Structures are given as structure tokens and as C-alpha cells.
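Undergrad: Provided below: entry_13.csv, containing CSV, C-alpha atoms.
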```csv
chain,number,residue,atom,x,y,z
A,1,MET,CA,9.7,22.9,17.3
A,2,ALA,CA,11.2,20.2,15.0
A,3,ASN,CA,9.7,18.4,12.0
A,4,PHE,CA,8.9,14.7,12.2
A,5,VAL,CA,8.2,12.3,9.4
A,6,LEU,CA,5.5,9.7,10.1
A,7,LEU,CA,6.3,6.7,7.8
A,8,TYR,CA,3.3,4.4,7.4
A,9,SER,CA,3.5,0.7,6.7
A,10,GLY,CA,0.4,-1.4,6.0
A,11,GLY,CA,-3.1,-0.3,6.7
A,12,SER,CA,-6.0,-0.3,4.3
A,13,ALA,CA,-7.9,2.4,2.4
A,14,GLY,CA,-11.0,0.2,2.2
A,15,THR,CA,-12.2,-2.4,-0.3
A,16,ASN,CA,-15.2,-0.5,-1.7
A,17,PRO,CA,-16.2,3.1,-2.3
A,18,ALA,CA,-18.2,3.4,0.9
A,19,GLU,CA,-15.3,2.1,3.0
A,20,ARG,CA,-12.8,4.4,1.2
A,21,GLU,CA,-15.1,7.4,1.8
A,22,LYS,CA,-15.3,6.5,5.5
A,23,VAL,CA,-11.4,6.2,5.7
A,24,MET,CA,-11.0,9.5,4.0
A,25,GLN,CA,-13.4,11.2,6.5
A,26,GLN,CA,-11.3,9.7,9.3
A,27,TRP,CA,-8.1,11.2,7.8
A,28,GLY,CA,-9.8,14.5,7.4
A,29,ALA,CA,-10.9,14.5,11.0
A,30,TRP,CA,-7.4,13.6,12.2
A,31,PHE,CA,-5.8,16.3,10.1
A,32,GLY,CA,-8.4,18.8,11.5
A,33,LYS,CA,-7.4,17.9,15.0
A,34,LEU,CA,-3.7,18.4,14.2
A,35,GLY,CA,-4.3,21.9,12.8
A,36,ASP,CA,-1.1,23.9,12.4
A,37,LYS,CA,1.1,21.0,13.4
A,38,ILE,CA,0.8,19.6,9.8
A,39,VAL,CA,3.8,20.6,7.7
A,40,ASP,CA,2.9,18.2,4.8
A,41,ALA,CA,-0.2,16.0,5.0
A,42,GLY,CA,1.7,13.6,2.8
A,43,ASN,CA,0.5,11.0,0.3
A,44,PRO,CA,0.3,7.3,-0.1
A,45,PHE,CA,3.1,5.5,-2.0
A,46,ALA,CA,2.6,3.4,-5.1
A,47,GLU,CA,3.1,-0.3,-4.7
A,48,HIS,CA,6.2,-0.4,-7.0
A,49,ALA,CA,9.6,0.5,-5.7
A,50,LYS,CA,13.3,0.0,-6.5
A,51,SER,CA,16.1,-0.5,-4.0
A,52,LEU,CA,19.7,0.4,-4.5
A,53,SER,CA,22.8,-0.9,-2.9
A,54,ASN,CA,26.5,-0.8,-3.9
A,55,GLY,CA,25.6,0.1,-7.5
A,56,SER,CA,23.0,-2.6,-7.8
A,57,VAL,CA,19.3,-1.9,-8.5
A,58,HIS,CA,16.6,-4.4,-7.4
A,59,ASP,CA,12.8,-4.4,-7.6
A,60,GLY,CA,11.0,-3.9,-4.4
A,61,ALA,CA,11.6,-2.0,-1.1
A,62,VAL,CA,14.3,-2.6,1.4
A,63,GLY,CA,12.7,-4.2,4.5
A,64,THR,CA,9.0,-3.6,5.2
A,65,PRO,CA,7.5,-1.6,2.4
A,66,ALA,CA,6.3,1.9,3.3
A,67,THR,CA,2.8,2.8,2.3
A,68,GLY,CA,2.8,6.6,2.8
A,69,TYR,CA,4.0,9.5,4.9
A,70,SER,CA,3.0,12.7,6.6
A,71,ILE,CA,5.2,15.4,8.1
A,72,LEU,CA,4.3,17.1,11.4
A,73,LYS,CA,5.9,19.6,13.7
A,74,ALA,CA,6.2,19.0,17.4
A,75,ASP,CA,8.3,19.9,20.5
A,76,SER,CA,9.9,16.4,20.8
A,77,LEU,CA,9.9,12.8,19.5
A,78,ASN,CA,7.5,11.9,22.3
A,79,ALA,CA,5.1,14.7,21.4
A,80,ALA,CA,5.1,13.6,17.8
A,81,THR,CA,4.5,10.0,18.8
A,82,GLU,CA,1.5,11.1,20.9
A,83,LEU,CA,0.1,13.0,17.8
A,84,ALA,CA,0.6,9.9,15.7
A,85,LYS,CA,-1.5,7.7,18.0
A,86,GLY,CA,-4.6,9.3,16.5
A,87,CYS,CA,-3.7,8.4,12.9
A,88,PRO,CA,-6.4,6.4,11.0
A,89,VAL,CA,-3.8,4.0,9.5
A,90,LEU,CA,-3.5,2.4,13.0
A,91,GLN,CA,-7.2,1.6,12.9
A,92,SER,CA,-6.8,-0.5,9.8
A,93,GLY,CA,-3.9,-2.6,11.0
A,94,GLY,CA,-1.1,-0.3,9.8
A,95,LYS,CA,2.0,0.8,11.7
A,96,ILE,CA,3.9,4.1,12.0
A,97,THR,CA,7.5,4.8,12.5
A,98,VAL,CA,8.2,8.4,13.7
A,99,TYR,CA,11.5,10.0,12.6
A,100,GLU,CA,12.9,13.4,13.6
A,101,VAL,CA,14.1,15.4,10.7
A,102,THR,CA,17.7,16.5,11.3
A,103,PRO,CA,18.3,19.9,9.7
A,104,ALA,CA,21.0,19.9,7.0
A,105,MET,CA,24.3,21.5,8.0
```
Take the structure in this file and express it as C-alpha cells.

TA:
Amino acid sequence: MANFVLLYSGGSAGTNPAEREKVMQQWGAWFGKLGDKIVDAGNPFAEHAKSLSNGSVHDGAVGTPATGYSILKADSLNAATELAKGCPVLQSGGKITVYEVTPAM
């Protein structure tokens, strides 16, 4: 099995306490279904970011800002993608990019 990073973009945690509680319950249910495939449930990212390039530092992210991440283990990129299809971020308009983690040499 390999590790895969699910990088979230967009989505919503809800606009009021009742909606946020519902979203948190959806995340809990999804993580419950994943069981031992969860390596790191992850966290949301703060809105502020810095980007670096050729010695320069700029405010903001490069490209589409990421909003959070999770790390799962799966047999393949396709298997990790199937697991990601149940993620609650998709239900609130978010997107997911799935990356395989390449072990360091």
C-alpha cells in the first residue's frame, strides 16, 4: 500500500453553527467508513499563504488555493480516487486532487 494526499480546494464548512455541525458529522461518518485507511485525517488551511519563486516572496497561493488535506493509504491511485469520491468537501462544491506520495530515497 502507498500513501496518497488528498488536497482539497474550495468547499464550505457551513455558514452557521447548525450547518457547521452537520458538515462535521458528514466528515466523521466518512472517516468512519475509511477506518484504517486514514494515515492523517488532516486539517483545513488558513486563508493566508505566501508563495516563493526564484528568491521572491509574494502574498497568496500559487494557482488555485488549497483549503485542506488528508492522507490515506490505498493500493493504487485509482483506489485512492475511489475513496475520495465519498469526501464531504465534494458535496459543498469543493474539488479534490489526489497525489501519490513518493517515498524519499

Undergrad: Once you count all atoms listed in the file, which residues end up no further than 12 Å from (9.5, 1.6, 6.9) in the file's frame, shown as a PyMOL selection string?

TA: chain A and resi 5-10+45+61-69+94-99

Undergrad: With distances taken over all atoms listed in the file, which residue among A:Val57, A:Ile71, A:Val23, A:Val101 lies nearest Asn43 of chain A?

TA: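 When distances to Asn43 of chain A are compared using all atoms listed in the file, the smallest one comes from A:Ile71.
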
Undergrad: Between atom CA of Arg20 of chain A and atom CA of Pro44 of chain A, what distance in Å does the model show, to one decimal?

TA: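 Pair atom CA of Arg20 of chain A / atom CA of Pro44 of chain A returns 13.5 Å.
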
Undergrad: Name the residues in contact with Lys73 of chain A at a cut-off of 9 Å, using all atoms listed in the file, excluding same-chain residues fewer than 2 positions from it; report them as a ChimeraX atom specification.

TA: /A:1-5,36-39,71,75-76,80

Undergrad: For His48 of chain A, which residue out of A:Gly60, A:Gly11, A:Gly28, A:Pro103 is the nearest one, using all atoms listed in the file?

TA: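 That would be A:Gly60, the residue with the smallest distance to His48 of chain A.
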
Undergrad: What lies within 10 Å of Met24 of chain A using all atoms listed in the file, ignoring chain neighbours under 6 positions off, as a short mmCIF file (atom, residue, chain, number, x, y, z; two decimals) with C-alpha atoms, keeping the file's coordinate frame?

TA:
```
data_model
loop_
_atom_site.label_atom_id
_atom_site.label_comp_id
_atom_site.auth_asym_id
_atom_site.auth_seq_id
_atom_site.Cartn_x
_atom_site.Cartn_y
_atom_site.Cartn_z
CA ALA A 13 -7.90 2.40 2.40
CA GLY A 14 -11.00 0.20 2.20
CA ALA A 18 -18.20 3.40 0.90
CA TRP A 30 -7.40 13.60 12.20
CA PRO A 88 -6.40 6.40 11.00
#
```

Undergrad: Which value, in Å to one decimal, gives the distance between atom CA of Ser12 of chain A and atom CA of Ser92 of chain A?

TA: 5.6 Å

Undergrad: Given the choices A:Thr15, A:Ser70, A:Gln26, A:Ser56, which gets closest to Asp40 of chain A if the distance is worked out from only C-alpha atoms?

TA: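 With only C-alpha atoms as the atom set, the closest residue is A:Ser70.
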
Undergrad: Please compute the atom CA of Lys33 of chain A-atom CA of Gly86 of chain A distance, one decimal, in Å.

TA: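 So the answer is 9.2 Å.
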
Undergrad: Under the rule that all atoms listed in the file are counted, which of A:His58, A:Trp27, A:Leu72, A:Gly32 is the nearest residue to Leu90 of chain A?

TA: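 For Leu90 of chain A, the nearest of the candidates is A:Trp27.
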
Undergrad: Please output segment 13-46 of chain A, rebuilt to include N, CA and C atoms, as a JSON list (two decimals), in the frame of the given file.

TA:
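Output below, filename rebuild_32.json:
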```json
[["chain", "number", "residue", "atom", "x", "y", "z"],
["A", 13, "ALA", "N", -7.08, 1.31, 2.78],
["A", 13, "ALA", "CA", -7.90, 2.40, 2.40],
["A", 13, "ALA", "C", -9.36, 2.00, 2.17],
["A", 14, "GLY", "N", -9.65, 0.73, 2.44],
["A", 14, "GLY", "CA", -11.00, 0.20, 2.20],
["A", 14, "GLY", "C", -11.07, -0.61, 0.94],
["A", 15, "THR", "N", -12.05, -1.48, 0.88],
["A", 15, "THR", "CA", -12.20, -2.40, -0.30],
["A", 15, "THR", "C", -13.30, -1.97, -1.23],
["A", 16, "ASN", "N", -14.11, -1.00, -0.83],
["A", 16, "ASN", "CA", -15.20, -0.50, -1.70],
["A", 16, "ASN", "C", -15.34, 0.97, -1.54],
["A", 17, "PRO", "N", -16.10, 1.63, -2.41],
["A", 17, "PRO", "CA", -16.20, 3.10, -2.30],
["A", 17, "PRO", "C", -16.73, 3.61, -0.98],
["A", 18, "ALA", "N", -17.66, 2.92, -0.36],
["A", 18, "ALA", "CA", -18.20, 3.40, 0.90],
["A", 18, "ALA", "C", -17.13, 3.31, 2.01],
["A", 19, "GLU", "N", -16.36, 2.22, 2.03],
["A", 19, "GLU", "CA", -15.30, 2.10, 3.00],
["A", 19, "GLU", "C", -14.20, 3.15, 2.77],
["A", 20, "ARG", "N", -13.86, 3.38, 1.49],
["A", 20, "ARG", "CA", -12.80, 4.40, 1.20],
["A", 20, "ARG", "C", -13.28, 5.77, 1.62],
["A", 21, "GLU", "N", -14.54, 6.08, 1.43],
["A", 21, "GLU", "CA", -15.10, 7.40, 1.80],
["A", 21, "GLU", "C", -14.99, 7.52, 3.37],
["A", 22, "LYS", "N", -15.33, 6.47, 4.08],
["A", 22, "LYS", "CA", -15.30, 6.50, 5.50],
["A", 22, "LYS", "C", -13.81, 6.73, 6.00],
["A", 23, "VAL", "N", -12.86, 6.03, 5.38],
["A", 23, "VAL", "CA", -11.40, 6.20, 5.70],
["A", 23, "VAL", "C", -10.99, 7.62, 5.44],
["A", 24, "MET", "N", -11.39, 8.17, 4.31],
["A", 24, "MET", "CA", -11.00, 9.50, 4.00],
["A", 24, "MET", "C", -11.57, 10.54, 4.98],
["A", 25, "GLN", "N", -12.77, 10.31, 5.45],
["A", 25, "GLN", "CA", -13.40, 11.20, 6.50],
["A", 25, "GLN", "C", -12.55, 11.07, 7.79],
["A", 26, "GLN", "N", -12.08, 9.87, 8.12],
["A", 26, "GLN", "CA", -11.30, 9.70, 9.30],
["A", 26, "GLN", "C", -9.95, 10.47, 9.19],
["A", 27, "TRP", "N", -9.33, 10.39, 8.03],
["A", 27, "TRP", "CA", -8.10, 11.20, 7.80],
["A", 27, "TRP", "C", -8.36, 12.65, 7.90],
["A", 28, "GLY", "N", -9.45, 13.11, 7.30],
["A", 28, "GLY", "CA", -9.80, 14.50, 7.40],
["A", 28, "GLY", "C", -10.01, 15.00, 8.80],
["A", 29, "ALA", "N", -10.68, 14.18, 9.60],
["A", 29, "ALA", "CA", -10.90, 14.50, 11.00],
["A", 29, "ALA", "C", -9.62, 14.59, 11.79],
["A", 30, "TRP", "N", -8.72, 13.63, 11.53],
["A", 30, "TRP", "CA", -7.40, 13.60, 12.20],
["A", 30, "TRP", "C", -6.60, 14.84, 11.85],
["A", 31, "PHE", "N", -6.54, 15.13, 10.56],
["A", 31, "PHE", "CA", -5.80, 16.30, 10.10],
["A", 31, "PHE", "C", -6.41, 17.59, 10.72],
["A", 32, "GLY", "N", -7.73, 17.62, 10.84],
["A", 32, "GLY", "CA", -8.40, 18.80, 11.50],
["A", 32, "GLY", "C", -7.97, 18.96, 12.91],
["A", 33, "LYS", "N", -7.81, 17.87, 13.64],
["A", 33, "LYS", "CA", -7.40, 17.90, 15.00],
["A", 33, "LYS", "C", -5.91, 18.42, 15.14],
["A", 34, "LEU", "N", -5.09, 18.05, 14.15],
["A", 34, "LEU", "CA", -3.70, 18.40, 14.20],
["A", 34, "LEU", "C", -3.47, 19.91, 13.88],
["A", 35, "GLY", "N", -4.36, 20.48, 13.08],
["A", 35, "GLY", "CA", -4.30, 21.90, 12.80],
["A", 35, "GLY", "C", -2.94, 22.35, 12.23],
["A", 36, "ASP", "N", -2.32, 23.35, 12.89],
["A", 36, "ASP", "CA", -1.10, 23.90, 12.40],
["A", 36, "ASP", "C", 0.15, 23.06, 12.63],
["A", 37, "LYS", "N", -0.04, 21.90, 13.21],
["A", 37, "LYS", "CA", 1.10, 21.00, 13.40],
["A", 37, "LYS", "C", 1.41, 20.21, 12.11],
["A", 38, "ILE", "N", 0.55, 20.31, 11.11],
["A", 38, "ILE", "CA", 0.80, 19.60, 9.80],
["A", 38, "ILE", "C", 1.73, 20.50, 9.00],
["A", 39, "VAL", "N", 2.86, 19.92, 8.63],
["A", 39, "VAL", "CA", 3.80, 20.60, 7.70],
["A", 39, "VAL", "C", 3.46, 20.12, 6.29],
["A", 40, "ASP", "N", 3.22, 18.81, 6.13],
["A", 40, "ASP", "CA", 2.90, 18.20, 4.80],
["A", 40, "ASP", "C", 1.96, 17.03, 5.15],
["A", 41, "ALA", "N", 0.71, 17.09, 4.71],
["A", 41, "ALA", "CA", -0.20, 16.00, 5.00],
["A", 41, "ALA", "C", 0.27, 14.69, 4.37],
["A", 42, "GLY", "N", 1.09, 14.78, 3.36],
["A", 42, "GLY", "CA", 1.70, 13.60, 2.80],
["A", 42, "GLY", "C", 0.83, 12.97, 1.69],
["A", 43, "ASN", "N", 1.21, 11.76, 1.34],
["A", 43, "ASN", "CA", 0.50, 11.00, 0.30],
["A", 43, "ASN", "C", 0.79, 9.52, 0.51],
["A", 44, "PRO", "N", -0.06, 8.67, -0.08],
["A", 44, "PRO", "CA", 0.30, 7.30, -0.10],
["A", 44, "PRO", "C", 1.33, 6.99, -1.15],
["A", 45, "PHE", "N", 2.06, 5.90, -1.00],
["A", 45, "PHE", "CA", 3.10, 5.50, -2.00],
["A", 45, "PHE", "C", 2.46, 4.46, -2.93],
["A", 46, "ALA", "N", 2.94, 4.45, -4.17],
["A", 46, "ALA", "CA", 2.60, 3.40, -5.10],
["A", 46, "ALA", "C", 3.16, 2.09, -4.66]]
```
